[in-house]
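**Q** query.txt is reproduced below (compact mmCIF, C-alpha atoms and all ligand atoms).
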```txt
# COMPACT_ATOMS: atom_id res chain seq x y z
CA MET A 729 49.72 11.23 -15.36
CA ALA A 730 46.80 9.48 -16.93
CA GLU A 731 44.98 11.20 -19.76
CA ARG A 732 41.47 12.45 -19.21
CA MET A 733 38.49 14.14 -20.78
CA THR A 734 35.48 15.79 -19.19
CA VAL A 735 31.90 14.95 -20.09
CA SER A 736 29.28 17.66 -19.67
CA TYR A 737 25.65 17.08 -18.82
CA GLN A 738 23.07 19.79 -19.48
CA LYS A 739 25.91 22.08 -20.55
CA LYS A 740 27.84 21.78 -17.28
CA PRO A 741 30.99 19.72 -16.67
CA CYS A 742 29.75 16.57 -14.99
CA TYR A 743 32.37 13.78 -14.79
CA ASP A 744 35.78 12.85 -16.08
CA ILE A 745 36.81 9.87 -18.13
CA VAL A 746 40.31 8.80 -17.11
CA PHE A 747 42.43 6.58 -19.36
CA ALA A 748 44.99 4.63 -17.37
CA ARG A 749 47.11 1.54 -17.32
CA GLY A 750 46.46 -0.31 -14.06
CA PHE A 751 44.27 0.68 -11.13
CA ALA A 752 46.91 2.48 -9.04
CA GLU A 753 45.91 5.96 -10.19
CA LEU A 754 42.37 5.40 -9.02
CA THR A 755 43.58 6.26 -5.53
CA ASP A 756 44.54 9.80 -6.51
CA GLU A 757 41.44 10.26 -8.64
CA LEU A 758 39.15 9.58 -5.71
CA ALA A 759 41.35 10.98 -2.95
CA LYS A 760 40.68 14.47 -4.32
CA GLU A 761 37.00 14.16 -3.53
CA GLU A 762 37.19 11.95 -0.51
CA LYS A 763 39.73 13.94 1.49
CA ASN A 764 37.58 14.90 4.40
CA ARG A 765 35.11 12.10 4.34
CA SER A 766 35.09 8.61 5.55
CA ARG A 767 32.67 6.74 3.45
CA ARG A 768 32.19 3.18 2.37
CA VAL A 769 32.54 1.76 -1.11
CA CYS A 770 30.91 -1.35 -2.56
CA ILE A 771 32.57 -2.81 -5.64
CA VAL A 772 29.94 -4.51 -7.79
CA THR A 773 31.39 -7.04 -10.19
CA ASP A 774 30.59 -10.31 -11.95
CA SER A 775 31.99 -13.79 -11.41
CA ASN A 776 34.52 -13.48 -14.27
CA VAL A 777 35.85 -10.01 -13.58
CA GLY A 778 35.89 -10.13 -9.77
CA PRO A 779 38.59 -12.81 -9.48
CA LEU A 780 40.77 -10.91 -11.98
CA TYR A 781 40.55 -7.34 -10.74
CA ALA A 782 38.55 -6.84 -7.52
CA ALA A 783 41.62 -7.22 -5.28
CA ALA A 784 43.58 -4.58 -7.22
CA VAL A 785 40.63 -2.18 -7.06
CA CYS A 786 40.21 -2.82 -3.31
CA GLU A 787 43.87 -2.13 -2.84
CA ALA A 788 43.65 1.18 -4.71
CA LEU A 789 40.58 2.22 -2.71
CA GLY A 790 41.70 0.83 0.64
CA GLY A 791 43.49 3.95 1.79
CA ILE A 792 40.63 6.33 1.15
CA PHE A 793 37.49 4.46 2.13
CA SER A 794 36.77 3.19 5.60
CA VAL A 795 35.18 0.02 4.26
CA CYS A 796 35.54 -1.74 0.90
CA GLU A 797 32.97 -4.46 0.22
CA VAL A 798 32.73 -6.63 -2.90
CA PHE A 799 29.37 -7.80 -4.25
CA THR A 800 29.76 -10.47 -6.95
CA PHE A 801 26.93 -11.73 -9.17
CA PRO A 802 27.06 -14.52 -11.77
CA ALA A 803 28.33 -13.20 -15.12
CA GLY A 804 25.93 -12.94 -18.06
CA GLU A 805 23.18 -10.82 -19.55
CA GLU A 806 20.62 -13.20 -18.04
CA ASN A 807 21.56 -11.78 -14.64
CA LYS A 808 20.98 -8.14 -15.59
CA THR A 809 17.69 -8.34 -13.73
CA LEU A 810 15.71 -6.83 -10.88
CA GLU A 811 16.47 -10.00 -8.93
CA THR A 812 20.21 -9.24 -8.98
CA VAL A 813 19.46 -5.62 -8.08
CA ARG A 814 17.31 -6.91 -5.20
CA ARG A 815 20.19 -8.99 -3.92
CA LEU A 816 22.49 -5.98 -4.19
CA TYR A 817 20.03 -3.78 -2.22
CA ALA A 818 19.89 -6.49 0.46
CA PHE A 819 23.68 -6.64 0.58
CA LEU A 820 23.91 -2.86 0.98
CA ILE A 821 21.18 -2.68 3.63
CA ASP A 822 22.82 -5.50 5.55
CA ARG A 823 26.05 -3.52 5.67
CA HIS A 824 24.34 -0.23 6.51
CA PHE A 825 25.30 1.58 3.33
CA ASP A 826 23.82 5.08 3.41
CA ARG A 827 23.33 8.07 1.12
CA GLY A 828 26.92 9.20 1.47
CA ASP A 829 28.46 5.92 0.31
CA LEU A 830 29.67 4.90 -3.13
CA LEU A 831 29.11 2.04 -5.58
CA ALA A 832 31.83 1.09 -8.07
CA ALA A 833 30.84 -0.88 -11.19
CA LEU A 834 33.77 -3.12 -12.12
CA GLY A 835 33.08 -5.04 -15.32
CA GLY A 836 31.38 -4.86 -18.69
CA GLY A 837 28.13 -3.22 -19.73
CA VAL A 838 26.02 -5.66 -17.75
CA THR A 839 27.76 -4.68 -14.52
CA GLY A 840 27.72 -0.97 -15.39
CA ASP A 841 24.01 -0.89 -16.29
CA LEU A 842 22.98 -2.88 -13.24
CA THR A 843 25.16 -1.00 -10.77
CA GLY A 844 24.12 2.36 -12.21
CA PHE A 845 20.48 1.41 -11.84
CA ALA A 846 20.98 0.27 -8.24
CA ALA A 847 22.86 3.54 -7.56
CA ALA A 848 20.04 5.57 -9.12
CA THR A 849 17.42 3.96 -6.92
CA TYR A 850 19.01 2.84 -3.62
CA LEU A 851 17.88 5.41 -1.02
CA ARG A 852 16.68 7.57 -3.94
CA GLY A 853 20.16 7.74 -5.38
CA VAL A 854 23.76 7.29 -4.29
CA ASP A 855 27.01 8.09 -6.10
CA PHE A 856 28.64 5.56 -8.37
CA ILE A 857 31.72 5.26 -10.52
CA GLN A 858 32.31 3.19 -13.64
CA LEU A 859 35.37 0.96 -13.99
CA PRO A 860 34.62 -0.54 -17.42
CA THR A 861 36.59 -3.64 -18.41
CA THR A 862 35.18 -4.61 -21.83
CA LEU A 863 35.78 -2.73 -25.05
CA LEU A 864 32.02 -2.22 -25.40
CA ALA A 865 31.77 -0.76 -21.91
CA GLN A 866 34.79 1.50 -22.43
CA VAL A 867 33.72 3.01 -25.74
CA ASP A 868 29.99 2.86 -25.26
CA SER A 869 27.98 1.84 -22.21
CA SER A 870 30.00 3.52 -19.41
CA ILE A 871 29.50 6.97 -20.97
CA GLY A 872 26.22 8.85 -21.01
CA GLY A 873 24.52 7.83 -17.79
CA LYS A 874 21.99 5.36 -19.19
CA THR A 875 21.43 2.62 -16.65
CA GLY A 876 18.94 -0.22 -16.41
CA VAL A 877 18.07 -3.86 -16.31
CA ASP A 878 16.18 -6.34 -18.45
CA PHE A 879 12.63 -7.29 -17.50
CA ASP A 880 11.16 -10.65 -18.52
CA ALA A 881 11.88 -10.89 -22.24
CA TYR A 882 12.46 -7.17 -22.67
CA LYS A 883 15.95 -5.71 -22.80
CA ASN A 884 16.69 -2.55 -20.82
CA MET A 885 13.00 -2.19 -20.06
CA VAL A 886 13.46 -0.68 -16.62
CA GLY A 887 16.03 2.02 -16.08
CA ALA A 888 17.06 5.54 -15.20
CA PHE A 889 19.45 8.24 -16.27
CA HIS A 890 22.07 8.51 -13.55
CA MET A 891 25.45 10.09 -14.19
CA PRO A 892 28.57 8.48 -12.77
CA LYS A 893 30.98 10.56 -10.67
CA LEU A 894 33.93 9.17 -12.60
CA VAL A 895 34.66 6.77 -15.44
CA TYR A 896 38.06 5.22 -14.90
CA MET A 897 39.33 2.92 -17.65
CA ASN A 898 42.20 0.61 -16.99
CA LEU A 899 43.01 -0.16 -20.62
CA ASP A 900 45.12 -3.15 -19.62
CA THR A 901 41.97 -5.02 -18.66
CA LEU A 902 41.22 -5.43 -22.38
CA GLN A 903 44.06 -7.93 -22.57
CA THR A 904 42.16 -10.59 -20.61
CA LEU A 905 38.96 -10.23 -22.60
CA ASP A 906 37.82 -13.21 -24.64
CA ALA A 907 38.60 -12.59 -28.35
CA ARG A 908 34.99 -12.86 -29.44
CA GLN A 909 33.95 -10.26 -26.85
CA TYR A 910 36.79 -7.99 -27.89
CA PHE A 911 35.84 -7.99 -31.57
CA SER A 912 32.17 -7.67 -30.72
CA GLY A 913 33.01 -4.43 -28.88
CA PHE A 914 35.03 -3.36 -31.87
CA ALA A 915 31.86 -3.25 -33.99
CA GLU A 916 30.82 -0.17 -31.98
CA VAL A 917 34.23 1.39 -32.68
CA MET A 918 33.78 0.84 -36.40
CA LYS A 919 30.30 2.33 -36.08
CA HIS A 920 31.79 5.48 -34.53
CA GLY A 921 34.01 5.96 -37.55
CA LEU A 922 31.14 5.31 -39.95
CA ILE A 923 28.72 7.76 -38.36
CA ARG A 924 31.05 10.59 -37.48
CA ASP A 925 34.62 10.53 -38.70
CA SER A 926 35.98 9.21 -41.98
CA ARG A 927 39.57 9.94 -40.94
CA TYR A 928 39.10 7.81 -37.84
CA TYR A 929 37.60 5.06 -39.99
CA GLU A 930 40.66 5.18 -42.23
CA TRP A 931 42.94 5.16 -39.19
CA LEU A 932 41.18 2.02 -37.92
CA VAL A 933 41.64 0.30 -41.25
CA ALA A 934 45.31 1.34 -41.38
CA HIS A 935 45.87 -0.06 -37.86
CA LEU A 936 44.12 -3.35 -38.51
CA TYR A 937 46.99 -5.54 -37.32
CA GLU A 938 47.73 -3.53 -34.20
CA ILE A 939 44.04 -3.48 -33.28
CA CYS A 940 43.62 -7.22 -33.85
CA ASP A 941 46.75 -7.84 -31.72
CA ARG A 942 45.44 -5.47 -29.01
CA ASP A 943 48.69 -3.56 -29.25
CA PRO A 944 48.97 -1.61 -25.95
CA ASP A 945 50.27 1.47 -27.76
CA THR A 946 47.40 1.57 -30.25
CA LEU A 947 44.44 0.77 -27.97
CA PRO A 948 44.61 4.00 -25.93
CA GLU A 949 44.36 6.10 -29.07
CA MET A 950 41.46 4.04 -30.37
CA VAL A 951 39.51 4.02 -27.09
CA ARG A 952 40.09 7.74 -26.60
CA ARG A 953 38.85 8.70 -30.06
CA SER A 954 35.77 6.51 -29.72
CA CYS A 955 35.04 8.03 -26.30
CA GLU A 956 35.31 11.50 -27.83
CA ILE A 957 32.71 10.59 -30.41
CA LYS A 958 30.36 9.00 -27.88
CA ARG A 959 30.86 12.00 -25.60
CA SER A 960 30.10 14.56 -28.28
CA VAL A 961 26.91 12.76 -29.21
CA VAL A 962 25.60 12.36 -25.64
CA GLU A 963 26.52 15.93 -24.73
CA LYS A 964 24.43 17.30 -27.57
CA ASP A 965 21.53 15.02 -26.84
CA PRO A 966 21.66 13.48 -23.35
CA THR A 967 18.19 11.95 -23.41
CA GLU A 968 18.15 10.57 -26.93
CA GLN A 969 15.78 12.88 -28.73
CA GLY A 970 17.68 13.33 -31.96
CA GLU A 971 21.43 13.25 -32.46
CA ARG A 972 22.04 10.38 -30.05
CA ALA A 973 19.90 8.20 -32.26
CA LEU A 974 22.73 8.23 -34.80
CA LEU A 975 24.54 5.86 -32.45
CA ASN A 976 21.88 3.35 -33.46
CA LEU A 977 23.48 2.76 -36.85
CA GLY A 978 23.23 -0.97 -37.43
CA HIS A 979 21.05 -1.45 -34.36
CA THR A 980 17.54 -1.72 -35.86
CA VAL A 981 18.37 -4.78 -37.93
CA GLY A 982 21.07 -5.75 -35.41
CA HIS A 983 18.64 -6.00 -32.49
CA ALA A 984 16.18 -7.93 -34.65
CA ILE A 985 18.84 -10.50 -35.56
CA GLU A 986 19.97 -10.68 -31.93
CA LYS A 987 16.42 -11.58 -30.92
CA ALA A 988 15.80 -13.92 -33.83
CA ARG A 989 18.95 -15.82 -32.88
CA GLY A 990 17.86 -16.05 -29.25
CA PHE A 991 20.92 -14.03 -28.19
CA SER A 992 23.33 -16.76 -29.33
CA MET A 993 25.23 -14.18 -31.36
CA LEU A 994 26.98 -11.35 -29.54
CA HIS A 995 25.61 -7.83 -29.73
CA GLY A 996 28.50 -6.41 -31.77
CA GLU A 997 28.29 -9.30 -34.24
CA CYS A 998 24.66 -8.41 -34.87
CA VAL A 999 25.55 -4.70 -35.07
CA ALA A 1000 28.10 -5.52 -37.78
CA LEU A 1001 25.35 -7.28 -39.76
CA GLY A 1002 23.03 -4.35 -39.10
CA CYS A 1003 25.65 -1.87 -40.37
CA VAL A 1004 26.00 -3.92 -43.54
CA ALA A 1005 22.21 -3.83 -43.97
CA ALA A 1006 22.12 -0.05 -43.41
CA ALA A 1007 24.94 0.45 -45.91
CA PHE A 1008 23.07 -1.73 -48.39
CA ILE A 1009 19.91 0.36 -48.11
CA SER A 1010 22.04 3.52 -48.38
CA TRP A 1011 23.54 2.18 -51.61
CA LYS A 1012 20.14 1.20 -53.04
CA ARG A 1013 18.92 4.74 -52.32
CA GLU A 1014 21.99 6.07 -54.11
CA LEU A 1015 23.21 7.83 -50.99
CA ILE A 1016 26.53 5.99 -51.30
CA PRO A 1017 28.12 4.39 -54.36
CA MET A 1018 28.27 0.62 -54.77
CA GLU A 1019 32.04 0.51 -54.14
CA GLU A 1020 31.55 2.18 -50.79
CA TYR A 1021 28.90 -0.37 -49.81
CA TYR A 1022 31.28 -3.23 -50.59
CA GLU A 1023 34.12 -1.52 -48.83
CA ILE A 1024 32.08 -1.02 -45.65
CA ARG A 1025 30.82 -4.58 -45.80
CA ASP A 1026 34.19 -6.19 -46.39
CA MET A 1027 36.03 -4.15 -43.75
CA PHE A 1028 34.29 -6.02 -40.94
CA VAL A 1029 35.80 -9.32 -42.07
CA PRO A 1030 39.46 -8.77 -41.04
CA PHE A 1031 38.18 -7.66 -37.63
CA ASN A 1032 36.58 -11.07 -37.18
CA LEU A 1033 33.05 -9.77 -37.51
CA PRO A 1034 30.37 -11.44 -39.64
CA ILE A 1035 28.90 -9.91 -42.79
CA SER A 1036 26.49 -12.74 -43.48
CA ALA A 1037 24.69 -15.40 -41.47
CA ASP A 1038 23.21 -18.80 -42.13
CA ALA A 1039 19.50 -19.26 -42.65
CA LEU A 1040 18.22 -15.92 -41.44
CA ASP A 1041 14.45 -15.94 -41.29
CA VAL A 1042 13.88 -12.79 -43.33
CA GLU A 1043 10.19 -12.34 -42.46
CA GLN A 1044 10.80 -12.87 -38.77
CA ILE A 1045 13.59 -10.29 -38.77
CA VAL A 1046 11.57 -7.74 -40.71
CA SER A 1047 8.71 -8.12 -38.27
CA LEU A 1048 11.09 -7.85 -35.29
CA THR A 1049 12.47 -4.54 -36.58
CA LYS A 1050 8.97 -3.16 -36.12
CA SER A 1051 8.98 -3.96 -32.42
CA ASP A 1052 12.28 -2.16 -31.87
CA LYS A 1053 12.08 0.44 -29.09
CA LYS A 1054 13.46 3.08 -31.40
CA MET A 1055 10.17 3.34 -33.25
CA ARG A 1056 8.53 6.68 -33.28
CA ALA A 1057 4.80 7.12 -33.99
CA GLY A 1058 4.71 3.77 -35.74
CA ARG A 1059 7.63 4.50 -38.02
CA ILE A 1060 11.06 2.94 -37.78
CA ARG A 1061 13.74 5.55 -37.24
CA PHE A 1062 16.47 4.15 -39.38
CA VAL A 1063 20.05 5.36 -39.53
CA LEU A 1064 21.49 5.53 -43.04
CA LEU A 1065 24.87 6.62 -44.36
CA GLU A 1066 25.42 9.58 -46.64
CA ARG A 1067 29.04 8.61 -46.84
CA ILE A 1068 31.66 7.04 -44.59
CA GLY A 1069 31.78 9.47 -41.66
CA LYS A 1070 28.27 10.87 -42.01
CA ALA A 1071 25.09 9.21 -40.80
CA VAL A 1072 21.55 10.54 -41.16
CA LEU A 1073 18.24 9.69 -39.53
CA ASP A 1074 15.46 8.54 -41.82
CA ASP A 1075 11.95 7.43 -41.00
CA THR A 1076 10.89 6.55 -44.52
CA VAL A 1077 12.69 3.21 -44.86
CA THR A 1078 10.13 0.65 -45.95
CA GLU A 1079 9.66 -2.97 -45.02
CA ASP A 1080 10.60 -3.95 -48.55
CA GLU A 1081 13.91 -2.15 -48.30
CA ILE A 1082 14.67 -3.87 -44.99
CA ARG A 1083 13.60 -7.21 -46.48
CA ALA A 1084 15.98 -6.79 -49.41
CA ALA A 1085 18.84 -5.85 -47.09
CA VAL A 1086 18.28 -8.84 -44.81
CA GLU A 1087 18.05 -11.16 -47.81
CA GLU A 1088 21.43 -9.82 -48.86
CA LEU A 1089 22.85 -10.84 -45.46
CA ASN A 1090 21.74 -14.44 -45.88
CA PHE A 1091 24.76 -16.61 -46.41
CA ARG A 1092 25.09 -18.03 -49.91
CA GLU A 1093 27.61 -20.47 -51.32
CA GLU A 1094 29.24 -17.93 -53.61
CA ASP A 1095 29.89 -15.48 -50.74
N1 LIG B 1101 24.05 1.99 -20.91
C1 LIG B 1101 24.32 2.08 -22.18
O1 LIG B 1101 24.36 3.18 -22.75
C2 LIG B 1101 24.61 0.83 -22.95
C3 LIG B 1101 25.12 0.92 -24.25
C4 LIG B 1101 25.43 -0.27 -24.91
C5 LIG B 1101 25.24 -1.49 -24.29
N2 LIG B 1101 24.74 -1.54 -23.02
C6 LIG B 1101 24.55 -2.83 -22.34
O2 LIG B 1101 25.82 -3.43 -22.16
C7 LIG B 1101 25.65 -4.83 -22.01
C8 LIG B 1101 26.73 -5.56 -22.76
O3 LIG B 1101 27.99 -5.22 -22.22
P1 LIG B 1101 29.27 -6.15 -22.45
O4 LIG B 1101 29.37 -6.52 -23.86
O5 LIG B 1101 30.40 -5.47 -21.80
O6 LIG B 1101 28.85 -7.48 -21.70
P2 LIG B 1101 29.23 -8.12 -20.28
O7 LIG B 1101 29.22 -7.11 -19.21
O8 LIG B 1101 28.35 -9.31 -20.12
O9 LIG B 1101 30.72 -8.62 -20.51
C9 LIG B 1101 30.97 -9.63 -21.46
C10 LIG B 1101 31.71 -10.83 -20.83
O10 LIG B 1101 33.07 -10.48 -20.61
C11 LIG B 1101 33.45 -10.75 -19.26
N3 LIG B 1101 34.48 -9.76 -18.96
C12 LIG B 1101 34.29 -8.42 -18.76
N4 LIG B 1101 35.46 -7.79 -18.67
C13 LIG B 1101 36.43 -8.75 -18.77
C14 LIG B 1101 37.85 -8.70 -18.77
N5 LIG B 1101 38.51 -7.55 -18.69
N6 LIG B 1101 38.53 -9.86 -18.88
C15 LIG B 1101 37.85 -11.02 -19.01
N7 LIG B 1101 36.51 -11.13 -19.06
C16 LIG B 1101 35.81 -10.00 -18.93
C17 LIG B 1101 32.17 -10.66 -18.50
O11 LIG B 1101 32.24 -11.39 -17.30
C18 LIG B 1101 31.16 -11.25 -19.48
O12 LIG B 1101 31.21 -12.65 -19.42
C19 LIG B 1101 24.23 -5.14 -22.49
O13 LIG B 1101 23.44 -5.47 -21.39
C20 LIG B 1101 23.76 -3.84 -23.10
O14 LIG B 1101 22.37 -3.64 -22.96
C21 LIG B 1101 24.43 -0.41 -22.35
ZN ZN B 1102 25.34 -1.33 -29.46
```
As a first step, turn the structure in this file into structure tokens.
**A**
Amino acid sequence: MAERMTVSYQKKPCYDIVFARGFAELTDELAKEEKNRSRRVCIVTDSNVGPLYAAAVCEALGGIFSVCEVFTFPAGEENKTLETVRRLYAFLIDRHFDRGDLLAALGGGVTGDLTGFAAATYLRGVDFIQLPTTLLAQVDSSIGGKTGVDFDAYKNMVGAFHMPKLVYMNLDTLQTLDARQYFSGFAEVMKHGLIRDSRYYEWLVAHLYEICDRDPDTLPEMVRRSCEIKRSVVEKDPTEQGERALLNLGHTVGHAIEKARGFSMLHGECVALGCVAAAFISWKRELIPMEEYYEIRDMFVPFNLPISADALDVEQIVSLTKSDKKMRAGRIRFVLLERIGKAVLDDTVTEDEIRAAVEELNFREED
């Protein structure tokens, strides 16, 4: 039997996260609900993930759905757009999908966000399930019901909260992930330890080799613990008023670097840099001792994540942090660390403090 945990929404049990190896158990997971119904399912996937896993998912769903369609869009953040959603609506209309049918998001966060948004809006809302296949999607984006697409130059500008019926993780899919994508997702895992759980952080450090090797016996424990942390945060604060903002550790500076680099660096790589910057400011404010700052900074390195970057344009990055969505009443809501395992929100961080932290990230010969 696969392991599971339940996520509540507005204090009521809402959907399960199932941790499995392979897609076979998906049949039983959905058969429970689908027993007396004959509905259609549309698997939404991208051009990398579809060829790897769509057939196995179709096979698992074949017995319980009357029709299993596959909609494939070209992989990449640049396709997380209303245009792709439009094509998906057209595909569904063409095949007479109705309110009782189901969408299944098979892929990373791009697929999950886009499919969830289509599910939230098609015919004023249809059911969907998440089948996340990247580390980022498993520990982060598939949980919490945030869905959306990018609009012109703005990330996640258009969206909706729409809870999935099920999040089913086939942990074996992580084995085919490109190494850079895998480690980028790992930055969010490290973040979970830093904001919430020092023992988890220590466990991650102690399992460095197994994690880097994607050891199949270690990954389930890691993904499960990270999901627990993400779950506990979204349960307390489903619409991101307070607590959920702690998940933004490393993201204010991270997003700014992501933009300044024209998205040539991966999200998690920028989050690692952002965490280093947040730890730096925390040290300068004497929230954490110097040794802890250096420890946090240096721990990203063995996980193949950057702690410095070439020729960062400090002024550009400082000014980009001000346009971050997470601003409130003109102030940047920054996440700082009180220690490893405890993050705090702070809206008094100044431009000068951010400037100093970004300067520190700039690659120098002696680094
Ligand atoms: N909704 C949320 O709460 C939330 C949270 C964080 C991030 N996000 C969003 O998530 C997106 C990033 O997600 P991502 O990093 O998963 O990117 P992604 O979906 O683009 O996947 C990364 C790459 O890996 C490929 N891939 C996926 N699974 C694979 C597998 N098992 N084997 C081989 N290749 C595979 C994809 O085709 C893609 O090329 C962003 O758009 C971001 O805004 C959403
Ligand atoms: Zn992130």
**Q** Ligand LIG 1101 (chain B): which residues are within 6 Å, counting only C-alpha atoms and all ligand atoms? Reply as a PyMOL selection string.
**A** chain A and resi 774+776-777+803-805+835-839+841+861-862+864-865+868-869+874-875+901-902+904-905
**Q** Step by step, measure atom-to-atom distances between ligand ZN 1102 (chain B) and each residue using only C-alpha atoms and all ligand atoms, keep those at most 10 Å, then write them as number ranges by chain.
**A** A: 864-865, 868-869, 912-913, 915-917, 919, 975-979, 982-983, 995-1000
**Q** How close does region 878-915 of chain A get to region 1020-1038 of chain A? List, as a Markdown table, each residue of region 878-915 of chain A within 10 Å, its nearest atom pair and the distance in Å to one decimal, counting only C-alpha atoms.
**A**
```
| residue | atom | partner | partner_atom | distance |
| --- | --- | --- | --- | --- |
| A:Ala907 | CA | A:Asn1032 | CA | 9.2 |
| A:Arg908 | CA | A:Asn1032 | CA | 8.1 |
| A:Tyr910 | CA | A:Asn1032 | CA | 9.8 |
| A:Phe911 | CA | A:Asn1032 | CA | 6.4 |
| A:Ser912 | CA | A:Leu1033 | CA | 7.2 |
| A:Phe914 | CA | A:Phe1031 | CA | 7.8 |
| A:Ala915 | CA | A:Leu1033 | CA | 7.5 |
```
**Q** Rounded to one decimal, what separation in Å do you get between CA of Phe793 (chain A) and CA of Leu894 (chain A)?
**A**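 Separating CA of Phe793 (chain A) from CA of Leu894 (chain A) is a distance of 15.9 Å.
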**Q** Tell me, in Å to one decimal, how far CA of Arg767 (chain A) is from CA of Asp900 (chain A).
**A** 28.0 Å
**Q** Quick one: distance from CA of Thr946 (chain A) to CA of Leu780 (chain A) in Å, one decimal?
**A**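 Calculated distance between CA of Thr946 (chain A) and CA of Leu780 (chain A) is 23.1 Å.
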**Q** My list of candidates is A:Arg924, A:Thr1049, A:Ala1084, A:Glu1019. Which is closest to Glu986 (chain A) when distances are computed with all atoms listed in the file?
**A**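 Ranking A:Arg924, A:Thr1049, A:Ala1084, A:Glu1019 by distance to Glu986 (chain A), first place goes to A:Thr1049.
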**Q** Between A:Leu974, A:Ala1005, A:Met885, A:Ala748, single out the one closest to Asp1074 (chain A), counting all atoms listed in the file.
**A**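 The shortest atom-to-atom distance to Asp1074 (chain A) comes from A:Leu974.
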**Q** In the coordinate frame of the file, compute which residues have an atom within 12 Å of (14.5, 6.5, -54.2) when using only C-alpha atoms, and state them as a list of chain:residue names.
**A**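 In the file's frame, the residues around the point are A:Ile1009, A:Ser1010, A:Trp1011, A:Lys1012, A:Arg1013, A:Glu1014, A:Leu1015, A:Thr1076, A:Val1077, A:Thr1078, A:Glu1081.
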**Q** So that I have them on file, write out the residues from the current selection with C-alpha atoms, as a PDB file, in the coordinates of the input.
**A**
```
ATOM      1  CA  ILE A1009      19.910   0.360 -48.110  1.00  0.00           C
ATOM      2  CA  SER A1010      22.040   3.520 -48.380  1.00  0.00           C
ATOM      3  CA  TRP A1011      23.540   2.180 -51.610  1.00  0.00           C
ATOM      4  CA  LYS A1012      20.140   1.200 -53.040  1.00  0.00           C
ATOM      5  CA  ARG A1013      18.920   4.740 -52.320  1.00  0.00           C
ATOM      6  CA  GLU A1014      21.990   6.070 -54.110  1.00  0.00           C
ATOM      7  CA  LEU A1015      23.210   7.830 -50.990  1.00  0.00           C
ATOM      8  CA  THR A1076      10.890   6.550 -44.520  1.00  0.00           C
ATOM      9  CA  VAL A1077      12.690   3.210 -44.860  1.00  0.00           C
ATOM     10  CA  THR A1078      10.130   0.650 -45.950  1.00  0.00           C
ATOM     11  CA  GLU A1081      13.910  -2.150 -48.300  1.00  0.00           C
TER      12      GLU A1081
END
```
**Q** Give me the residues within 12 Å of Phe819 (chain A) as a PyMOL selection string, counting all atoms listed in the file and dropping any in the same chain fewer than 6 places off.
**A** chain A and resi 770-772+797-801+812-813+825+831+846+850
**Q** Would you mind telling me which residue in A:Ile1045, A:Val933, A:Val961, A:Leu820 lies nearest to Gly872 (chain A) when using all atoms listed in the file?
**A**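 Once distances to Gly872 (chain A) are computed over all atoms listed in the file, the minimum belongs to A:Val961.
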**Q** Could you give me, as a compact mmCIF listing (two decimals) with C-alpha atoms, in the coordinates of the input, the residues that have an atom at most 9 Å away from the point (19.5, -14.4, -19.7) in the coordinates of the file, using all atoms listed in the file?
**A**
```
# COMPACT_ATOMS: atom_id res chain seq x y z
CA GLY A 804 25.93 -12.94 -18.06
CA GLU A 805 23.18 -10.82 -19.55
CA GLU A 806 20.62 -13.20 -18.04
CA ASN A 807 21.56 -11.78 -14.64
CA LYS A 808 20.98 -8.14 -15.59
CA THR A 809 17.69 -8.34 -13.73
CA ASP A 878 16.18 -6.34 -18.45
CA ALA A 881 11.88 -10.89 -22.24
CA PHE A 991 20.92 -14.03 -28.19
```
**Q** Taking all atoms listed in the file into account, name the residue in A:Thr755, A:Asn898, A:Gln903, A:Ser954 that is nearest to His920 (chain A).
**A**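 For His920 (chain A), the nearest of the given residues is A:Ser954.
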**Q** Which is closer to Arg768 (chain A) than all the others in A:Tyr743, A:Phe751, A:Phe856, A:Tyr817, using only C-alpha atoms?
**A**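 Nearest candidate to Arg768 (chain A) out of A:Tyr743, A:Phe751, A:Phe856, A:Tyr817: A:Phe856.
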**Q** With all atoms listed in the file as the counted atoms, please give the residues lying no more than 10 Å from Ala847 (chain A), apart from itself and same-chain residues fewer than 5 positions off, as an MDAnalysis selection string.
**A** chainID A and resid 813 817 827 829:833 841:842 852:857 875 888 890:892
**Q** From the options A:Ile985, A:Leu1065, A:Ile745, A:Met993, which residue's atoms come nearest to Asn1090 (chain A), counting only C-alpha atoms?
**A**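 Smallest distance to Asn1090 (chain A) is found for A:Ile985.
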